[in-house]
$ cat protein-v7.txt   # compact mmCIF, C-alpha atoms and all ligand atoms
# COMPACT_ATOMS: atom_id res chain seq x y z
CA VAL A 1 -33.58 92.46 45.97
CA SER A 2 -34.85 93.09 42.45
CA GLN A 3 -32.84 92.14 39.40
CA SER A 4 -32.12 95.75 38.56
CA ASP A 5 -30.87 96.42 42.12
CA THR A 6 -28.49 93.49 41.78
CA LEU A 7 -27.23 94.78 38.45
CA ALA A 8 -26.88 98.31 39.71
CA SER A 9 -24.72 97.06 42.55
CA PHE A 10 -22.24 95.25 40.37
CA TRP A 11 -21.79 97.04 37.11
CA MET A 12 -20.72 100.40 38.40
CA PRO A 13 -17.57 99.81 40.37
CA PHE A 14 -16.22 96.64 38.88
CA THR A 15 -15.68 97.21 35.18
CA ALA A 16 -12.40 98.59 34.01
CA ASN A 17 -13.32 98.43 30.35
CA ARG A 18 -15.83 101.17 29.98
CA GLN A 19 -17.05 104.02 32.09
CA PHE A 20 -20.76 103.47 31.64
CA LYS A 21 -22.70 106.68 31.94
CA ALA A 22 -25.90 104.73 32.33
CA GLN A 23 -26.59 101.17 33.26
CA PRO A 24 -25.31 99.07 30.35
CA ARG A 25 -27.53 96.75 28.38
CA LEU A 26 -26.61 93.30 29.62
CA LEU A 27 -26.77 90.19 27.50
CA ALA A 28 -27.24 86.87 29.25
CA THR A 29 -27.27 84.10 26.66
CA ALA A 30 -27.08 83.67 22.91
CA LYS A 31 -28.08 81.16 20.26
CA GLY A 32 -27.88 81.38 16.49
CA MET A 33 -29.05 84.82 15.33
CA HIS A 34 -30.20 85.97 18.76
CA TYR A 35 -29.08 87.19 22.14
CA THR A 36 -31.27 87.05 25.21
CA ALA A 37 -30.98 90.09 27.45
CA VAL A 38 -30.89 89.70 31.25
CA ASP A 39 -34.54 90.77 31.34
CA GLY A 40 -35.42 87.80 29.11
CA ARG A 41 -36.02 89.71 25.88
CA SER A 42 -34.85 88.17 22.62
CA ILE A 43 -32.55 90.48 20.64
CA LEU A 44 -31.86 89.90 16.95
CA ASP A 45 -28.13 90.28 16.39
CA ALA A 46 -27.42 92.50 13.39
CA THR A 47 -23.74 92.85 14.31
CA ALA A 48 -22.47 89.25 14.74
CA GLY A 49 -21.40 90.23 18.23
CA LEU A 50 -18.68 92.63 17.24
CA TRP A 51 -18.23 91.49 13.62
CA CYS A 52 -17.01 88.11 14.81
CA VAL A 53 -19.78 85.54 15.31
CA ASN A 54 -20.00 84.70 11.61
CA ALA A 55 -21.45 81.20 12.10
CA GLY A 56 -24.05 82.33 14.64
CA HIS A 57 -23.92 82.10 18.41
CA CYS A 58 -23.13 79.16 20.69
CA ARG A 59 -22.46 76.57 18.03
CA GLU A 60 -22.43 73.18 19.69
CA SER A 61 -19.51 71.74 17.78
CA ILE A 62 -17.33 74.70 18.77
CA ALA A 63 -18.36 74.43 22.43
CA THR A 64 -17.66 70.69 22.39
CA ALA A 65 -14.26 71.13 20.73
CA ILE A 66 -13.23 73.69 23.34
CA ALA A 67 -14.45 71.54 26.25
CA GLN A 68 -12.74 68.40 24.94
CA GLN A 69 -9.48 70.21 24.35
CA ALA A 70 -9.59 71.69 27.87
CA GLN A 71 -9.64 68.17 29.27
CA VAL A 72 -6.65 66.80 27.42
CA LEU A 73 -4.22 69.68 26.91
CA ASP A 74 -5.15 73.01 28.43
CA TYR A 75 -1.93 74.78 27.62
CA ALA A 76 1.47 74.19 26.07
CA PRO A 77 4.24 76.74 25.58
CA THR A 78 5.20 77.61 22.03
CA PHE A 79 8.72 78.74 22.84
CA GLN A 80 11.29 75.98 22.29
CA MET A 81 8.50 73.44 22.02
CA GLY A 82 4.98 73.12 20.77
CA HIS A 83 1.92 70.99 20.29
CA PRO A 84 0.32 69.76 17.09
CA ALA A 85 -2.82 71.91 16.98
CA PRO A 86 -1.34 75.20 15.70
CA PHE A 87 0.52 73.34 12.94
CA GLU A 88 -2.65 71.54 11.88
CA LEU A 89 -4.62 74.76 12.00
CA ALA A 90 -1.95 76.66 10.06
CA ASP A 91 -1.96 73.92 7.41
CA ARG A 92 -5.69 74.22 7.08
CA LEU A 93 -5.61 78.02 6.89
CA VAL A 94 -2.89 78.02 4.25
CA GLN A 95 -5.13 75.92 2.01
CA MET A 96 -7.74 78.68 2.20
CA LEU A 97 -5.36 81.57 1.56
CA PRO A 98 -5.09 83.39 -1.74
CA GLY A 99 -1.91 83.50 -3.82
CA ASP A 100 1.38 82.70 -2.22
CA LEU A 101 0.47 83.48 1.40
CA ASN A 102 1.64 80.29 3.08
CA ARG A 103 2.95 81.09 6.56
CA VAL A 104 0.96 81.77 9.75
CA PHE A 105 1.90 83.52 12.98
CA PHE A 106 -0.67 83.18 15.77
CA ALA A 107 -1.64 86.00 18.13
CA ASN A 108 -4.61 86.49 20.46
CA SER A 109 -6.45 89.45 18.99
CA GLY A 110 -6.64 91.72 16.01
CA SER A 111 -4.53 94.34 17.77
CA GLU A 112 -1.76 91.83 18.40
CA ALA A 113 -1.98 90.57 14.84
CA VAL A 114 -1.59 94.12 13.51
CA ASP A 115 1.40 94.94 15.70
CA THR A 116 2.95 91.62 14.72
CA ALA A 117 2.41 92.30 11.02
CA LEU A 118 4.06 95.72 11.30
CA LYS A 119 7.03 94.14 13.09
CA ILE A 120 7.29 91.42 10.45
CA ALA A 121 7.35 94.10 7.74
CA LEU A 122 10.10 96.05 9.49
CA ALA A 123 12.14 92.90 10.24
CA TYR A 124 11.84 91.78 6.64
CA HIS A 125 13.49 94.95 5.34
CA GLN A 126 16.16 94.84 8.05
CA ALA A 127 16.99 91.23 7.13
CA ARG A 128 17.42 92.29 3.51
CA GLY A 129 19.87 95.00 4.48
CA GLU A 130 17.38 97.80 3.85
CA ALA A 131 17.60 99.28 7.31
CA ALA A 132 16.35 102.67 6.12
CA ARG A 133 12.91 101.26 5.32
CA THR A 134 11.14 102.18 8.54
CA ARG A 135 8.29 104.47 7.47
CA LEU A 136 4.74 103.11 7.64
CA ILE A 137 1.68 104.35 5.79
CA GLY A 138 -1.88 103.87 7.02
CA ARG A 139 -5.12 105.48 5.97
CA GLU A 140 -7.35 108.14 7.44
CA ARG A 141 -10.27 106.47 9.19
CA GLY A 142 -8.43 103.14 9.20
CA TYR A 143 -8.88 101.15 12.40
CA HIS A 144 -6.16 98.70 13.32
CA GLY A 145 -6.74 97.96 16.98
CA VAL A 146 -5.33 99.58 20.06
CA GLY A 147 -1.70 98.50 20.27
CA PHE A 148 0.85 101.28 19.80
CA GLY A 149 1.49 100.13 16.24
CA GLY A 150 -2.22 99.93 15.53
CA ILE A 151 -3.09 103.37 16.84
CA SER A 152 -0.11 104.90 15.05
CA VAL A 153 -1.02 103.56 11.62
CA GLY A 154 -4.74 103.84 12.40
CA GLY A 155 -6.43 106.97 11.13
CA ILE A 156 -8.54 107.90 14.14
CA SER A 157 -7.00 110.86 15.92
CA GLY A 158 -9.28 110.37 18.93
CA ASN A 159 -7.61 107.03 19.62
CA ARG A 160 -4.17 108.64 19.66
CA LYS A 161 -4.44 112.00 21.32
CA GLN A 162 -4.19 110.87 24.93
CA PHE A 163 -0.93 109.05 24.49
CA GLY A 164 1.64 111.54 23.23
CA SER A 165 4.24 109.09 22.10
CA LEU A 166 3.54 106.97 19.05
CA LEU A 167 5.49 105.17 16.34
CA PRO A 168 7.56 107.73 14.43
CA GLY A 169 7.50 108.10 10.65
CA VAL A 170 3.85 107.29 9.98
CA ASP A 171 1.74 108.94 7.27
CA HIS A 172 -1.92 108.51 6.42
CA LEU A 173 -3.51 108.35 3.01
CA PRO A 174 -6.84 110.10 2.58
CA HIS A 175 -9.80 107.81 3.03
CA THR A 176 -11.73 106.76 -0.01
CA HIS A 177 -15.40 107.40 0.50
CA ASP A 178 -16.66 110.65 -0.95
CA LEU A 179 -20.31 111.19 -0.07
CA ALA A 180 -20.74 113.84 -2.71
CA GLN A 181 -19.77 111.36 -5.43
CA ASN A 182 -20.99 108.11 -3.96
CA ALA A 183 -24.14 108.59 -1.88
CA PHE A 184 -26.40 105.55 -2.07
CA THR A 185 -24.02 103.65 -4.34
CA ARG A 186 -24.62 99.93 -4.25
CA GLY A 187 -21.53 97.74 -3.93
CA VAL A 188 -18.13 98.99 -5.07
CA PRO A 189 -18.10 102.67 -6.14
CA THR A 190 -16.97 103.27 -9.67
CA TRP A 191 -15.53 106.66 -8.83
CA GLY A 192 -12.28 107.41 -6.98
CA ALA A 193 -9.63 104.85 -7.97
CA HIS A 194 -7.32 107.83 -8.55
CA LEU A 195 -7.20 108.36 -4.77
CA ALA A 196 -4.51 105.68 -4.73
CA ASP A 197 -2.27 108.18 -6.53
CA ASP A 198 -1.83 109.85 -3.16
CA LEU A 199 0.35 106.88 -2.24
CA GLU A 200 2.59 107.61 -5.17
CA ARG A 201 2.81 111.27 -4.13
CA LEU A 202 3.68 110.30 -0.55
CA VAL A 203 6.26 107.79 -1.68
CA LYS A 204 7.98 110.37 -3.87
CA LEU A 205 7.83 112.95 -1.10
CA HIS A 206 9.72 110.73 1.31
CA ASP A 207 12.12 108.75 -0.89
CA PRO A 208 10.72 105.31 -1.66
CA SER A 209 13.62 103.47 -0.05
CA THR A 210 12.54 104.70 3.38
CA ILE A 211 9.04 103.17 3.25
CA ALA A 212 8.47 99.75 4.78
CA ALA A 213 4.78 99.04 4.41
CA VAL A 214 1.31 100.30 3.62
CA ILE A 215 -1.53 98.96 5.77
CA VAL A 216 -5.22 99.24 4.87
CA GLU A 217 -8.46 97.56 5.72
CA PRO A 218 -9.73 96.49 2.28
CA VAL A 219 -13.14 97.72 3.48
CA ALA A 220 -12.76 99.98 6.51
CA GLY A 221 -15.24 98.54 9.01
CA SER A 222 -15.25 100.19 12.41
CA THR A 223 -15.23 103.71 11.02
CA GLY A 224 -18.35 103.16 8.98
CA VAL A 225 -17.98 100.63 6.17
CA LEU A 226 -15.92 102.58 3.64
CA ILE A 227 -15.86 100.60 0.44
CA PRO A 228 -12.82 101.13 -1.80
CA PRO A 229 -13.44 102.36 -5.30
CA GLN A 230 -13.06 99.92 -8.17
CA GLY A 231 -9.36 99.54 -8.97
CA TYR A 232 -8.12 101.30 -5.82
CA LEU A 233 -6.56 98.28 -4.13
CA GLN A 234 -5.05 97.09 -7.42
CA ARG A 235 -3.42 100.49 -7.78
CA LEU A 236 -2.02 100.32 -4.22
CA ARG A 237 -0.63 96.88 -5.05
CA SER A 238 1.13 98.07 -8.17
CA ILE A 239 2.61 101.16 -6.49
CA CYS A 240 3.91 98.99 -3.62
CA ASP A 241 5.42 96.55 -6.13
CA ARG A 242 7.11 99.33 -8.02
CA TYR A 243 8.86 100.68 -4.93
CA GLY A 244 9.56 97.49 -2.95
CA ILE A 245 6.99 98.36 -0.27
CA LEU A 246 5.04 95.63 1.53
CA LEU A 247 1.25 95.77 1.35
CA ILE A 248 -0.66 94.67 4.46
CA PHE A 249 -4.39 93.97 4.40
CA ASP A 250 -6.04 94.14 7.80
CA GLU A 251 -8.82 91.58 7.34
CA VAL A 252 -9.86 91.36 10.97
CA ILE A 253 -13.41 92.25 9.88
CA THR A 254 -13.44 91.20 6.22
CA GLY A 255 -11.82 87.80 6.82
CA PHE A 256 -13.85 84.59 6.96
CA GLY A 257 -16.73 85.26 4.68
CA ARG A 258 -17.98 88.75 5.44
CA LEU A 259 -17.86 89.72 1.76
CA GLY A 260 -19.08 86.33 0.54
CA THR A 261 -15.53 85.16 -0.16
CA ALA A 262 -13.01 83.72 2.31
CA PHE A 263 -11.11 87.02 2.35
CA ALA A 264 -11.46 90.49 0.86
CA ALA A 265 -8.25 89.72 -1.04
CA ASP A 266 -10.29 87.13 -2.95
CA TYR A 267 -13.18 89.51 -3.47
CA PHE A 268 -11.00 92.25 -4.94
CA GLY A 269 -8.47 89.95 -6.60
CA VAL A 270 -5.53 91.67 -4.90
CA ILE A 271 -3.03 89.67 -2.88
CA PRO A 272 -1.21 91.44 -0.06
CA ASP A 273 2.22 90.50 1.32
CA LEU A 274 0.81 90.22 4.82
CA MET A 275 -2.73 89.76 6.07
CA THR A 276 -4.11 90.08 9.60
CA VAL A 277 -7.20 88.25 10.88
CA ALA A 278 -8.96 87.58 14.20
CA LYS A 279 -12.71 87.69 15.05
CA GLY A 280 -14.27 85.17 12.61
CA LEU A 281 -11.29 82.84 12.94
CA THR A 282 -12.80 81.34 16.10
CA ASN A 283 -16.36 82.61 15.59
CA GLY A 284 -15.75 84.88 18.57
CA ALA A 285 -15.77 81.95 20.99
CA VAL A 286 -12.15 82.18 22.16
CA PRO A 287 -9.74 85.04 21.45
CA MET A 288 -7.35 84.39 18.58
CA GLY A 289 -5.64 86.46 15.90
CA ALA A 290 -3.19 85.56 13.17
CA VAL A 291 -0.89 87.04 10.57
CA PHE A 292 -0.56 85.40 7.18
CA ALA A 293 2.60 86.00 5.17
CA ARG A 294 4.57 84.83 2.21
CA GLN A 295 7.32 82.43 3.19
CA GLY A 296 10.12 84.85 2.29
CA VAL A 297 8.65 87.63 4.42
CA HIS A 298 7.87 85.38 7.35
CA ASP A 299 11.23 83.62 7.33
CA ALA A 300 13.16 86.87 7.43
CA PHE A 301 11.28 87.70 10.63
CA MET A 302 11.90 84.28 12.14
CA GLN A 303 15.66 84.59 11.73
CA GLY A 304 15.86 87.09 14.56
CA PRO A 305 18.90 89.30 15.07
CA GLU A 306 21.29 86.30 15.19
CA PRO A 307 20.54 82.73 14.18
CA SER A 308 21.43 81.51 17.65
CA ILE A 309 18.98 83.76 19.41
CA GLU A 310 15.40 82.63 19.66
CA LEU A 311 12.83 84.76 17.88
CA CYS A 312 12.22 87.88 19.94
CA HIS A 313 8.48 88.11 19.30
CA GLY A 314 5.69 85.83 20.42
CA TYR A 315 2.90 85.61 22.95
CA THR A 316 2.44 83.23 25.88
CA TYR A 317 -0.83 82.22 24.30
CA SER A 318 0.23 82.09 20.63
CA GLY A 319 -1.47 79.03 19.16
CA HIS A 320 -3.34 78.34 22.39
CA PRO A 321 -4.85 74.83 22.36
CA LEU A 322 -8.38 76.04 23.16
CA ALA A 323 -8.25 78.72 20.48
CA CYS A 324 -6.94 76.20 17.95
CA ALA A 325 -9.75 73.80 18.84
CA ALA A 326 -12.33 76.56 18.44
CA ALA A 327 -10.81 77.67 15.13
CA MET A 328 -10.76 74.13 13.71
CA ALA A 329 -14.41 73.62 14.63
CA THR A 330 -15.28 77.03 13.18
CA LEU A 331 -13.54 76.29 9.87
CA ASP A 332 -15.44 72.98 9.75
CA ILE A 333 -18.73 74.84 10.02
CA TYR A 334 -17.76 77.39 7.37
CA ALA A 335 -16.87 74.55 5.00
CA THR A 336 -19.64 72.04 5.68
CA GLU A 337 -22.41 74.66 5.75
CA GLY A 338 -20.94 76.64 2.85
CA LEU A 339 -21.37 79.86 4.82
CA PHE A 340 -19.19 82.05 2.62
CA GLU A 341 -21.26 80.98 -0.39
CA GLN A 342 -24.43 81.50 1.65
CA ALA A 343 -23.31 85.07 2.42
CA GLN A 344 -22.64 85.59 -1.26
CA SER A 345 -25.98 84.22 -2.36
CA ILE A 346 -28.01 86.32 0.07
CA SER A 347 -26.02 89.51 -0.55
CA GLN A 348 -28.26 90.79 -3.36
CA TYR A 349 -31.34 90.41 -1.18
CA TRP A 350 -29.43 92.18 1.59
CA GLU A 351 -28.45 95.02 -0.73
CA ASP A 352 -32.01 95.51 -1.94
CA ALA A 353 -33.38 95.37 1.62
CA VAL A 354 -31.01 97.93 3.13
CA HIS A 355 -31.56 100.32 0.25
CA THR A 356 -35.31 100.36 0.88
CA LEU A 357 -34.46 102.65 3.82
CA GLN A 358 -33.32 105.37 1.42
CA GLY A 359 -35.45 108.47 1.82
CA LEU A 360 -36.16 108.02 5.51
CA PRO A 361 -35.49 111.07 7.69
CA GLY A 362 -31.87 111.84 8.43
CA ILE A 363 -30.28 109.28 6.12
CA ILE A 364 -27.58 110.76 3.88
CA ASP A 365 -25.99 107.54 2.60
CA ILE A 366 -26.50 103.80 2.47
CA ARG A 367 -23.69 101.52 1.33
CA ASN A 368 -23.27 97.78 1.24
CA ILE A 369 -20.94 95.05 0.15
CA GLY A 370 -21.16 91.31 0.79
CA LEU A 371 -23.06 90.92 4.06
CA VAL A 372 -22.20 94.27 5.56
CA ALA A 373 -23.88 97.64 5.25
CA ALA A 374 -23.76 101.15 6.63
CA ILE A 375 -26.52 103.68 7.05
CA GLU A 376 -25.06 107.13 7.48
CA LEU A 377 -27.07 109.84 9.21
CA ALA A 378 -26.66 113.57 9.11
CA PRO A 379 -25.09 114.42 12.47
CA TRP A 380 -26.71 116.99 14.70
CA PRO A 381 -24.26 119.89 14.51
CA ASP A 382 -24.09 120.42 18.25
CA GLN A 383 -24.14 116.73 19.23
CA PRO A 384 -22.26 114.51 16.77
CA GLY A 385 -23.00 110.83 17.33
CA LYS A 386 -26.07 111.49 19.48
CA ARG A 387 -28.63 110.85 16.77
CA ALA A 388 -27.23 107.41 15.91
CA TYR A 389 -26.79 106.54 19.57
CA ASP A 390 -30.45 107.31 20.25
CA ILE A 391 -31.40 105.06 17.35
CA PHE A 392 -29.20 102.32 18.76
CA VAL A 393 -31.05 102.56 22.09
CA GLN A 394 -34.46 102.53 20.41
CA CYS A 395 -33.51 99.52 18.29
CA PHE A 396 -32.30 97.64 21.33
CA GLU A 397 -35.58 98.36 23.08
CA ALA A 398 -37.34 97.02 20.00
CA GLY A 399 -35.25 93.82 20.05
CA LEU A 400 -32.53 94.61 17.51
CA LEU A 401 -28.80 94.96 18.16
CA ILE A 402 -27.05 97.30 15.73
CA ARG A 403 -23.65 98.94 15.95
CA VAL A 404 -23.19 102.66 15.77
CA THR A 405 -19.96 104.43 15.10
CA GLY A 406 -20.26 108.19 15.13
CA ASP A 407 -23.42 108.87 13.15
CA ILE A 408 -23.14 105.73 11.09
CA ILE A 409 -25.15 102.58 11.72
CA ALA A 410 -23.17 99.47 10.77
CA LEU A 411 -24.90 96.17 10.07
CA SER A 412 -22.94 92.92 9.82
CA PRO A 413 -25.16 89.99 10.77
CA PRO A 414 -24.00 86.41 11.19
CA LEU A 415 -23.60 84.73 7.80
CA ILE A 416 -26.35 82.24 8.66
CA ILE A 417 -28.99 84.97 8.37
CA GLN A 418 -32.19 84.11 6.50
CA ARG A 419 -34.33 86.43 4.38
CA GLY A 420 -37.05 86.71 7.01
CA GLN A 421 -34.51 87.91 9.56
CA ILE A 422 -33.19 90.51 7.12
CA ASP A 423 -36.79 91.70 6.67
CA ARG A 424 -37.24 91.90 10.43
CA MET A 425 -34.05 93.96 10.87
CA ILE A 426 -35.03 96.40 8.17
CA ASP A 427 -38.60 96.66 9.55
CA VAL A 428 -37.35 97.54 13.03
CA LEU A 429 -34.95 100.11 11.62
CA ARG A 430 -37.68 101.58 9.42
CA GLN A 431 -40.10 101.84 12.33
CA VAL A 432 -37.51 103.42 14.58
CA LEU A 433 -36.42 105.93 11.95
CA GLN A 434 -40.03 106.79 11.03
CA SER A 435 -41.01 107.18 14.67
CA ARG A 436 -38.59 110.03 15.16
CA GLY A 437 -39.41 113.58 14.47
CA ASP A 438 -35.96 114.37 13.01
N1 LIG B 501 -8.25 95.61 12.91
C1 LIG B 501 -9.51 95.78 12.51
C2 LIG B 501 -9.78 96.04 11.07
C3 LIG B 501 -10.55 95.70 13.43
O1 LIG B 501 -11.81 95.90 13.03
C4 LIG B 501 -10.26 95.43 14.77
C5 LIG B 501 -11.35 95.31 15.82
N2 LIG B 501 -12.56 95.88 15.54
C6 LIG B 501 -8.93 95.27 15.14
C7 LIG B 501 -7.95 95.35 14.19
C8 LIG B 501 -8.56 94.99 16.56
O2 LIG B 501 -8.95 93.74 16.94
P1 LIG B 501 -9.07 93.38 18.50
O3 LIG B 501 -10.16 94.21 19.05
O4 LIG B 501 -9.34 91.90 18.49
O5 LIG B 501 -7.74 93.70 19.10

$ encode --input "protein-v7.txt" --output "structure tokens"
Amino acid sequence: VSQSDTLASFWMPFTANRQFKAQPRLLATAKGMHYTAVDGRSILDATAGLWCVNAGHCRESIATAIAQQAQVLDYAPTFQMGHPAPFELADRLVQMLPGDLNRVFFANSGSEAVDTALKIALAYHQARGEAARTRLIGRERGYHGVGFGGISVGGISGNRKQFGSLLPGVDHLPHTHDLAQNAFTRGVPTWGAHLADDLERLVKLHDPSTIAAVIVEPVAGSTGVLIPPQGYLQRLRSICDRYGILLIFDEVITGFGRLGTAFAADYFGVIPDLMTVAKGLTNGAVPMGAVFARQGVHDAFMQGPEPSIELCHGYTYSGHPLACAAAMATLDIYATEGLFEQAQSISQYWEDAVHTLQGLPGIIDIRNIGLVAAIELAPWPDQPGKRAYDIFVQCFEAGLLIRVTGDIIALSPPLIIQRGQIDRMIDVLRQVLQSRGD
């Protein structure tokens, strides 16, 4: 039986995650900046897995930490009892956090972290006797995972339309990237801070005392790397302050060095009331998410409906020992190798490299910030998304893994990337784009 026969026999019926229309590209192993496909080809990873493998693949110290932990304490409940690792990890994280964020709630994914953060925001207002504050505001093209809270505040109608029932009382701000004004802008656009005024309009429309929280990705990732205009997040912060609304940053993608700082909050100098993370927290090796909060916000949530009743939110695997071990080892790597600083120092080279693609057929925008970039293509009118998907397939064949989202190519390599690997990525993309007749 050939390898492809074997694959064909197992992928079709047994995956519940995706209905593959064609045989999926299968990855067998990974190391550093590369995957190896099942056919033995080396694939340069321009996406850090799915924006998560910030320290590069299969780091030995992370693997060892997970294996050692699995031998001494595989699991411990976090209801009514605990184990030291989450406390040690939380302590460590708090030292990295900006401003007065000093409490941590552990979840197992970005989606769980987002739903937890929304619940914390609602519980906070309830605990303060502001029961009317139940409205939530997200942003068009925001992605906040696939929980019911996340799809409700998320700004992707396609992720909602099958499900009918969603959280009530949710509004969406317009998204911030205007191609007409910003095409080929490098870094943070200087135009568009006024778009935050839409929050003020919304707040006044609804009565400010009914609004609980605003949630945004500081840089929207999954929907195509939408970089906020200069001053936009500051403006959101000040409007939220004025009306007693909590500001949530979803840093599932931007957290842990993607912008060359620990968090986007550091990059933009704006401190939210709540922050969600996942992905880079464990370098993708074991699932883990977390919510960071100010003590006052977090403690209101922890009180529960009555002091005698145990907190009515938490996951079986909150603060899982293996995830904590992976996270500790990951944070060690970030610190000892100075990976956030490394991302920062290579970001100018990155910016210059991605912008050399300007002028190639089909490209209508290139944007970048930190160690992330997007190349936006003009969609084919009758087949949106097809052009970028074809490019994704061609790149994979040429040994490069990119991410496409609609007609936007997103690049977010591991932070360990070297200049030569950036050159290689851009060369493959250039060749693929030039090879096409469109
Ligand atoms: N929020 C953001 C900003 C994300 O990018 C993602 C995942 N791409 C999520 C939440 C959801 O995370 P997960 O897939 O781990 O549930």

$ atom_distance --input "protein-v7.txt" --atom1 "CA of Gly110 in chain A" --atom2 "CA of Gly399 in chain A"
29.0 Å

$ residues_near_point --input "protein-v7.txt" --point "(-2.8, 81.3, 20.3)" --cutoff "6 Å" --atoms "only C-alpha atoms" --output "VMD selection string"
chain A and resid 106 to 108 288 317 to 320

$ atom_distance --input "protein-v7.txt" --atom1 "CA of Val270 in chain A" --atom2 "CA of Leu233 in chain A"
6.7 Å

$ residues_near_ligand --input "protein-v7.txt" --ligand "ligand LIG 501 (chain B)" --cutoff "8 Å" --atoms "all atoms listed in the file" --output "ChimeraX atom specification"
/A:50-51,108-114,142-147,150,217,220-222,250-254,276-279,287-289

$ atom_distance --input "protein-v7.txt" --atom1 "CA of Gln303 in chain A" --atom2 "CA of Ala123 in chain A"
9.1 Å

$ decode --input "protein-v7.txt" --residues "range 164-182 of chain A" --atoms "N, CA and C atoms" --output "mmCIF file, in the first residue's frame"
data_model
loop_
_atom_site.group_PDB
_atom_site.id
_atom_site.type_symbol
_atom_site.label_atom_id
_atom_site.label_comp_id
_atom_site.auth_asym_id
_atom_site.auth_seq_id
_atom_site.Cartn_x
_atom_site.Cartn_y
_atom_site.Cartn_z
ATOM 1 N N GLY A 164 -28.259 31.220 14.922
ATOM 2 C CA GLY A 164 -29.516 31.828 15.395
ATOM 3 C C GLY A 164 -29.380 32.578 16.693
ATOM 4 N N SER A 165 -29.218 31.879 17.771
ATOM 5 C CA SER A 165 -29.259 32.519 19.070
ATOM 6 C C SER A 165 -27.869 32.911 19.546
ATOM 7 N N LEU A 166 -27.724 34.180 19.872
ATOM 8 C CA LEU A 166 -26.415 34.681 20.310
ATOM 9 C C LEU A 166 -26.612 35.515 21.568
ATOM 10 N N LEU A 167 -25.526 36.066 22.106
ATOM 11 C CA LEU A 167 -25.671 36.972 23.237
ATOM 12 C C LEU A 167 -26.498 38.172 22.783
ATOM 13 N N PRO A 168 -27.447 38.609 23.606
ATOM 14 C CA PRO A 168 -28.208 39.816 23.239
ATOM 15 C C PRO A 168 -27.398 41.072 23.552
ATOM 16 N N GLY A 169 -27.827 42.191 22.978
ATOM 17 C CA GLY A 169 -27.255 43.486 23.350
ATOM 18 C C GLY A 169 -25.799 43.657 22.971
ATOM 19 N N VAL A 170 -25.450 43.225 21.756
ATOM 20 C CA VAL A 170 -24.064 43.403 21.298
ATOM 21 C C VAL A 170 -24.058 44.346 20.094
ATOM 22 N N ASP A 171 -23.145 45.303 20.095
ATOM 23 C CA ASP A 171 -22.947 46.167 18.929
ATOM 24 C C ASP A 171 -21.514 46.044 18.444
ATOM 25 N N HIS A 172 -21.295 46.442 17.210
ATOM 26 C CA HIS A 172 -19.947 46.360 16.636
ATOM 27 C C HIS A 172 -19.503 47.712 16.100
ATOM 28 N N LEU A 173 -18.324 48.119 16.506
ATOM 29 C CA LEU A 173 -17.729 49.331 15.943
ATOM 30 C C LEU A 173 -17.236 49.036 14.538
ATOM 31 N N PRO A 174 -17.155 50.056 13.688
ATOM 32 C CA PRO A 174 -16.565 49.814 12.377
ATOM 33 C C PRO A 174 -15.094 49.424 12.530
ATOM 34 N N HIS A 175 -14.582 48.652 11.587
ATOM 35 C CA HIS A 175 -13.169 48.313 11.699
ATOM 36 C C HIS A 175 -12.342 49.486 11.198
ATOM 37 N N THR A 176 -11.032 49.407 11.430
ATOM 38 C CA THR A 176 -10.244 50.627 11.319
ATOM 39 C C THR A 176 -9.401 50.756 10.058
ATOM 40 N N HIS A 177 -9.316 49.710 9.263
ATOM 41 C CA HIS A 177 -8.384 49.840 8.142
ATOM 42 C C HIS A 177 -9.097 50.323 6.887
ATOM 43 N N ASP A 178 -8.695 51.449 6.402
ATOM 44 C CA ASP A 178 -9.296 52.003 5.193
ATOM 45 C C ASP A 178 -8.246 51.956 4.083
ATOM 46 N N LEU A 179 -8.480 51.041 3.139
ATOM 47 C CA LEU A 179 -7.495 50.853 2.066
ATOM 48 C C LEU A 179 -7.254 52.135 1.288
ATOM 49 N N ALA A 180 -8.338 52.873 1.065
ATOM 50 C CA ALA A 180 -8.203 54.073 0.251
ATOM 51 C C ALA A 180 -7.217 55.047 0.893
ATOM 52 N N GLN A 181 -7.215 55.096 2.216
ATOM 53 C CA GLN A 181 -6.332 56.044 2.920
ATOM 54 C C GLN A 181 -4.962 55.451 3.218
ATOM 55 N N ASN A 182 -4.936 54.116 3.421
ATOM 56 C CA ASN A 182 -3.759 53.533 4.057
ATOM 57 C C ASN A 182 -2.965 52.540 3.219
#
